[in-house]
Amino acid sequence: MLAFDYGLPAELFWNRKYRHQPFGYRRFAGAAHAIRFAIEELPPELLLGAFLEVDGERYGSEEIRRLYQSSSCLLPRQAAV
């Protein structure tokens, strides 16, 4: 994976459990916050179909996990997931 800028604005999309709201969406000022939200706040079953969009590039759930585990992601983390 090329160098990733954790400070760029990001959008996170995920599938929802309810038909009247088929997907979830949240915008973040920085990709690091979006990644941390995806890993630490979304239930695991929702993370499976989630994707992150940063600077026109899309990252799936496995890539989101790798970005979270990277030493370049300097945000404080909760307990290991």
# chains A, B, ... in the order shown; residues from 1 in each chain; ligands from 1
>>> residues_around(residues="Glu11 of chain A", least_positions_apart="3", cutoff="10 Å", atoms="only C-alpha atoms", output="JSON, numbers by chain")
{"A": [25, 26, 27, 28, 29, 30, 31, 34, 35, 51, 52, 53, 54, 55, 58]}
>>> write_last_selection(atoms="C-alpha atoms", output="PDB file, in the first residue's frame")
ATOM      1  CA  TYR A  25     -22.867   7.405   6.081  1.00  0.00           C
ATOM      2  CA  ARG A  26     -20.625   9.664   8.063  1.00  0.00           C
ATOM      3  CA  ARG A  27     -18.132  12.334   7.033  1.00  0.00           C
ATOM      4  CA  PHE A  28     -14.925  12.942   9.015  1.00  0.00           C
ATOM      5  CA  ALA A  29     -12.428  15.812   9.009  1.00  0.00           C
ATOM      6  CA  GLY A  30      -9.582  13.289   9.086  1.00  0.00           C
ATOM      7  CA  ALA A  31      -9.275   9.720   7.819  1.00  0.00           C
ATOM      8  CA  ALA A  34     -13.021   7.605  10.323  1.00  0.00           C
ATOM      9  CA  ILE A  35     -10.825   4.524  10.625  1.00  0.00           C
ATOM     10  CA  PHE A  51     -15.831   1.147   2.830  1.00  0.00           C
ATOM     11  CA  LEU A  52     -13.840   4.292   3.348  1.00  0.00           C
ATOM     12  CA  GLU A  53     -13.388   6.934   0.670  1.00  0.00           C
ATOM     13  CA  VAL A  54     -10.378   9.244   0.918  1.00  0.00           C
ATOM     14  CA  ASP A  55      -9.202  11.556  -1.854  1.00  0.00           C
ATOM     15  CA  ARG A  58     -11.929   3.479  -1.802  1.00  0.00           C
TER      16      ARG A  58
END
>>> select_by_dssp(residues="segment 9-74 of chain A", states="helix (DSSP H, G or I)", output="ChimeraX atom specification")
/A:31-40,44-47,61-69
>>> closest_residue(among="A:Glu63, A:Glu40, A:Glu57, A:Glu45", to="Leu8 of chain A", atoms="only C-alpha atoms")
A:Glu57
>>> select_by_dssp(residues="segment 42-78 of chain A", states="strand (DSSP E)", output="JSON, numbers by chain")
{"A": [51, 52, 53, 54, 57, 58, 59, 60]}
>>> residues_around(residues="His33 of chain A", least_positions_apart="4", cutoff="10 Å", atoms="only C-alpha atoms", output="PDB file with N, CA and C atoms, in the first residue's frame")
ATOM      1  N   TYR A   6      -3.439  10.133   6.742  1.00  0.00           N
ATOM      2  CA  TYR A   6      -4.486   9.996   7.743  1.00  0.00           C
ATOM      3  C   TYR A   6      -5.167  11.324   8.065  1.00  0.00           C
ATOM      4  N   GLY A   7      -4.616  12.431   7.604  1.00  0.00           N
ATOM      5  CA  GLY A   7      -5.181  13.741   7.890  1.00  0.00           C
ATOM      6  C   GLY A   7      -6.189  14.228   6.871  1.00  0.00           C
ATOM      7  N   PRO A   9      -9.630  14.567   4.669  1.00  0.00           N
ATOM      8  CA  PRO A   9     -11.047  14.311   4.947  1.00  0.00           C
ATOM      9  C   PRO A   9     -11.456  12.946   4.396  1.00  0.00           C
ATOM     10  N   ALA A  10     -12.437  12.323   5.053  1.00  0.00           N
ATOM     11  CA  ALA A  10     -12.852  10.975   4.656  1.00  0.00           C
ATOM     12  C   ALA A  10     -14.353  10.807   4.818  1.00  0.00           C
ATOM     13  N   ARG A  27     -19.271  11.586   7.561  1.00  0.00           N
ATOM     14  CA  ARG A  27     -18.132  12.334   7.033  1.00  0.00           C
ATOM     15  C   ARG A  27     -17.230  12.715   8.195  1.00  0.00           C
ATOM     16  N   PHE A  28     -15.906  12.648   7.977  1.00  0.00           N
ATOM     17  CA  PHE A  28     -14.925  12.942   9.015  1.00  0.00           C
ATOM     18  C   PHE A  28     -13.910  13.958   8.496  1.00  0.00           C
ATOM     19  N   ALA A  29     -13.435  14.815   9.376  1.00  0.00           N
ATOM     20  CA  ALA A  29     -12.428  15.812   9.009  1.00  0.00           C
ATOM     21  C   ALA A  29     -11.088  15.154   8.705  1.00  0.00           C
ATOM     22  N   PHE A  37     -13.345   5.162  14.123  1.00  0.00           N
ATOM     23  CA  PHE A  37     -14.786   4.957  14.279  1.00  0.00           C
ATOM     24  C   PHE A  37     -15.203   3.605  13.693  1.00  0.00           C
ATOM     25  N   ALA A  38     -14.728   3.299  12.497  1.00  0.00           N
ATOM     26  CA  ALA A  38     -15.098   2.043  11.841  1.00  0.00           C
ATOM     27  C   ALA A  38     -14.706   0.829  12.681  1.00  0.00           C
ATOM     28  N   TYR A  68      -5.795   0.789  10.344  1.00  0.00           N
ATOM     29  CA  TYR A  68      -5.931   0.970  11.791  1.00  0.00           C
ATOM     30  C   TYR A  68      -4.730   0.389  12.533  1.00  0.00           C
ATOM     31  N   CYS A  73      -0.830   5.297  11.984  1.00  0.00           N
ATOM     32  CA  CYS A  73      -2.082   5.799  12.565  1.00  0.00           C
ATOM     33  C   CYS A  73      -1.823   6.117  14.024  1.00  0.00           C
ATOM     34  N   LEU A  75      -3.546   7.980  16.316  1.00  0.00           N
ATOM     35  CA  LEU A  75      -4.606   8.293  17.271  1.00  0.00           C
ATOM     36  C   LEU A  75      -4.619   7.290  18.411  1.00  0.00           C
TER      37      LEU A  75
END
>>> closest_residue(among="A:Leu42, A:Leu12, A:Ala50, A:Ala32", to="Leu67 of chain A", atoms="only C-alpha atoms")
A:Ala32
